[in-house]
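In what follows, a single structure is set out as structure tokens and then discussed.
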Amino acid sequence: MLLLEQGRVVPVHRLVAAVWDENPPDSALQQVRKAISLLRHRIPGGRQLIVTATGGYRILLDEDQLDATLFSIRLRRSQEAEAEDLPENAVAELRAGLDLWRGRVLAGLGGAVLAGAALSLGEKRYQAAERCFELRLRLGETSSLIGEIREMIDEEPLRELLRRQLMLALYRSGRQAEALEEFAALRKLLADELGIAPDPRLVALHQEILQQKGELEAPLRILPPATPTNSTTPATPVTPVTPVTPVTPVTPTTPAPPVPSPLGAETARPSTLPYHVPDFVGREAELGYLDELGRAAAAGGTRIVAIDGMGGVGKTELALYAAHRMAEQFEDGQLYLDMRGHSAHAEPLEPRTALELLLGAMGVPGERIPAGEAGRVALWRTATAGKRILLVLDDAAYAVQVRPLLPGSANCLVLVTGRRAVELAGASWLSLGPLPARAATDLMVGVLGRHRAEAEPDALVELVELCGCLPLALRIAAARLCRRPQWSVRHLAGLLHDEGRRMRELRSGEHSVADTLALSYDSMAVEHRTALRALGGLPASTLSRDGIVTLLGTDAERAEDILEQLVDAQLVQQSGADCYSLHGLVRSFVRSLPVEEAAA
């Protein structure tokens, strides 16, 4: 009570009421005086800290001695920073203030008076957290927010603003289905606990996520340099990345006029294709093949193309680049869906949820979407009947996941990507390997800039080889060099030469070669993981079928089954009728596994 009223006299009767509510014992006054005496004795400098005043006591503190005071100061400074249009500074102040909290304030202490004070302080904390999350969303943060918002929701599951922010962060992180699942969970909780429906603004967000509205995307914003309110440390300058020119320009499409929806409403042509990389290089033969199939589909026959390849080989980049190239041929819509076949964050997308997303994108109101999968399949086929639709189903896990999503009419093109070949009747197949050396070098030059790349041509060739011409590894290496202008290309190549640290070096932000390969590795049975580790431990890069049978210590038929599983998982390559090999980075990944994992 003294700390809550810091600097003010707290009458003894208020101290009594704070401890015992309306039922104080006869000895309440004596117990308060005894407690004051004990505090003065136990706290260093207690006699100068807690002073007696007329009718009560007060505590005297400096501004920086009480966390509640510091919290209020941080809130005030954040408001001042916002008023000056310095959102980064405002976020820094709010985060510093929130870092003062170590849980619920005054938890379990006192009676109704302290409970009311704790409730008031706790509300200020939640409001500060919500404001901080809002600003960080405006500044473009996405996946880094998800865990923090979830922690707050675990404490206060009925706060709808937190749930809205979580839904937005999930959607912007490419986890659209999880965003919809959050809404469904809150709607059920509100109905069960309070008998009410979600706030209309939350309902509107749910509908916008279903339709993949462009306004929900993270904003692009050029910010002034942040100047922390009470910090003298200069900000580290950001090194600009040299802009690159696309190898093949993508012709922008002209928006088509509104077309009638299957339910009679007018809706603009849906286009939910994500941003495609502007520095796409190589794959000329594959692009030509996809262009040919796209023209055939638009002319009257649905085409399904299954694109497979190892993790990080560029399946999604190819599919999206091709989709943007041929978008104008499919004037009724271009749709994208992440099927989450290999996701570290969520289970593969169920067809029922995928259909809800696709129908929402086509403009079907949420209340008109049937609850059952069969009803949704029927409505999806009705919605796409007679239309030219381009559909990209990215990272599919298996055919059963995809079949209900295939349009039933002609004039549609469906691009399905996956690490394992998704077996669909009538599908064309396209398997991707690493880039040719020339295209891989062009990719590095495009990201690094010609001047820097041409300064060390031999080192650049060496770096490309160490990355195994794998697009993911190449982009990670280039990103590290762009962020470290003091590094030479030779320096990074030297780091990658050490196979023991290669996987650690091929990591940048949320992207990691090891994490990408681990998603394939972890999805396999123990027997197949054991076989892969045995293959990775050998010095030879290419092995014969007979040599592998001997290595695995099993019969030829069983070894054949194991090899087929490893090939299907894109972790082993078949380089001839009886020859198998491992990509260099797969070998490095297997050898980087901890000893306890290798022995499991």
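Ordering of the structure tokens sets the chain letters (A, B, ...), residue numbers begin anew at 1 in every chain, and ligands are numbered from 1 in the order given.
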
Could you please write out, as number ranges by chain, every residue of segment 342-381 of chain A that DSSP assigns to alpha helix (DSSP H)?
A: 351-361, 373-381

Could you pull out the strand (DSSP E or B) residues of segment 265-326 of chain A, going by DSSP on the backbone, and write them as a list in words?
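Across segment 265-326 of chain A, those assigned strand (DSSP E or B) are Glu266, Thr267, Ser271, Arg303, Ile304, Val305, Ala306, Ile307 and Asp308 of chain A.
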
Quick one, how far is atom CA of Met1 of chain A from atom CA of Asp99 of chain A?
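So the two atoms, atom CA of Met1 of chain A and atom CA of Asp99 of chain A, lie 22.8 Å apart.
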
For Leu2 of chain A, the closest of A:Arg172, A:Arg325, A:Arg14, A:Arg104 counting only C-alpha atoms is A:Arg14

When you look at Ser575 of chain A with a cut-off of 12 Å (counting only C-alpha atoms), what residues show up, excluding the ones that are within fewer than 2 positions of it in the same chain? I need them as an NGL selection string.
:A and (433 or 541-545 or 567 or 572-573 or 577-583)

For the selection you just gave me, I'd like the residues written to a file as a PDB file, in the first residue's frame, keeping C-alpha atoms.
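In the end it all went to result32.pdb:
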```pdb
ATOM      1  CA  GLY A 433      17.427 -30.303 -59.454  1.00  0.00           C
ATOM      2  CA  SER A 541      29.887 -39.338 -53.379  1.00  0.00           C
ATOM      3  CA  THR A 542      28.364 -42.041 -55.607  1.00  0.00           C
ATOM      4  CA  LEU A 543      27.442 -45.570 -54.542  1.00  0.00           C
ATOM      5  CA  SER A 544      26.298 -48.632 -56.435  1.00  0.00           C
ATOM      6  CA  ARG A 545      23.179 -50.527 -55.500  1.00  0.00           C
ATOM      7  CA  VAL A 567      14.740 -40.920 -53.354  1.00  0.00           C
ATOM      8  CA  VAL A 572      19.074 -39.269 -52.180  1.00  0.00           C
ATOM      9  CA  GLN A 573      19.497 -38.798 -55.917  1.00  0.00           C
ATOM     10  CA  ALA A 577      20.178 -47.296 -63.175  1.00  0.00           C
ATOM     11  CA  ASP A 578      22.271 -48.704 -60.314  1.00  0.00           C
ATOM     12  CA  CYS A 579      23.961 -45.567 -58.948  1.00  0.00           C
ATOM     13  CA  TYR A 580      22.876 -43.306 -56.111  1.00  0.00           C
ATOM     14  CA  SER A 581      24.375 -40.148 -54.641  1.00  0.00           C
ATOM     15  CA  LEU A 582      23.805 -37.490 -51.973  1.00  0.00           C
ATOM     16  CA  HIS A 583      23.767 -33.780 -52.636  1.00  0.00           C
TER      17      HIS A 583
END
```

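Of the listed residues A:Leu481, A:Leu460, A:Leu135, A:Leu170, the one whose atoms come nearest to Arg95 of chain A is A:Leu135, with distances taken using only C-alpha atoms.
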
What does the structure give for the distance between atom CA of Leu318 of chain A and atom CA of Pro434 of chain A, in Å to one decimal?
12.4 Å

Fewer than 5 positions away in the same chain doesn't count, so skip those; otherwise give me all residues within 9 Å of segment 70-78 of chain A, counting only C-alpha atoms, as a count of residues only.
21

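Using only C-alpha atoms, the nearest neighbour of Glu215 of chain A within the list A:Leu168, A:Val416, A:Ala518, A:Ala383 is A:Leu168.
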
To one decimal place in Å, what is the distance between atom CA of Ile146 of chain A and atom CA of Glu88 of chain A?
18.8 Å

Of the listed residues A:Ala459, A:Pro25, A:Leu60, A:Arg47, that which approaches Val9 of chain A most closely, counting only C-alpha atoms
A:Leu60

Per residue of segment 337-386 of chain A within 12 Å of segment 184-206 of chain A, record the nearest atom pair and its distance in Å to one decimal, counting only C-alpha atoms, with rows in chain order and ascending residue number, as JSON lines.
```
{"residue": "A:Thr353", "atom": "CA", "partner": "A:Ala184", "partner_atom": "CA", "distance": 11.7}
{"residue": "A:Glu356", "atom": "CA", "partner": "A:His206", "partner_atom": "CA", "distance": 11.5}
{"residue": "A:Leu357", "atom": "CA", "partner": "A:His206", "partner_atom": "CA", "distance": 10.6}
{"residue": "A:Gly360", "atom": "CA", "partner": "A:His206", "partner_atom": "CA", "distance": 9.8}
{"residue": "A:Ala361", "atom": "CA", "partner": "A:His206", "partner_atom": "CA", "distance": 11.8}
{"residue": "A:Pro365", "atom": "CA", "partner": "A:His206", "partner_atom": "CA", "distance": 10.4}
{"residue": "A:Gly366", "atom": "CA", "partner": "A:His206", "partner_atom": "CA", "distance": 8.5}
{"residue": "A:Glu367", "atom": "CA", "partner": "A:Val203", "partner_atom": "CA", "distance": 11.0}
```

Near Glu465 of chain A, counting only C-alpha atoms, which residues have an atom at most 10 Å away, once you skip same-chain residues fewer than 2 positions from it, shown as JSON, numbers by chain?
{"A": [437, 440, 441, 459, 460, 461, 462, 463, 467, 468, 469, 470, 474, 493, 584]}

Of A:Val313, A:Val12, A:Ala17, A:Ala378, the one nearest to Gly408 of chain A when counting only C-alpha atoms is A:Ala378

Neighbouring residues of segment 339-344 of chain A were defined as those with any atom within 6 Å, considering only C-alpha atoms; residues of the same chain fewer than 6 positions away were excluded. Please report them as a PyMOL selection string.
chain A and resi 394-397+519

For the residues selected in the previous step, produce a file with N, CA and C atoms as a compact mmCIF listing (two decimals), in the first residue's frame.
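The new file out10.txt reads:
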```
# COMPACT_ATOMS: atom_id res chain seq x y z
N ASP A 394 0.93 -24.88 -53.00
CA ASP A 394 2.34 -24.93 -52.66
C ASP A 394 2.60 -25.87 -51.49
N ASP A 395 3.68 -26.64 -51.58
CA ASP A 395 4.14 -27.52 -50.51
C ASP A 395 3.06 -28.53 -50.12
N ALA A 396 2.57 -29.25 -51.10
CA ALA A 396 1.57 -30.28 -50.83
C ALA A 396 2.25 -31.52 -50.26
N ALA A 397 1.55 -32.21 -49.38
CA ALA A 397 2.12 -33.39 -48.73
C ALA A 397 1.73 -34.68 -49.42
N LEU A 519 13.18 -30.86 -42.04
CA LEU A 519 11.75 -31.12 -42.20
C LEU A 519 11.53 -32.40 -43.00
```
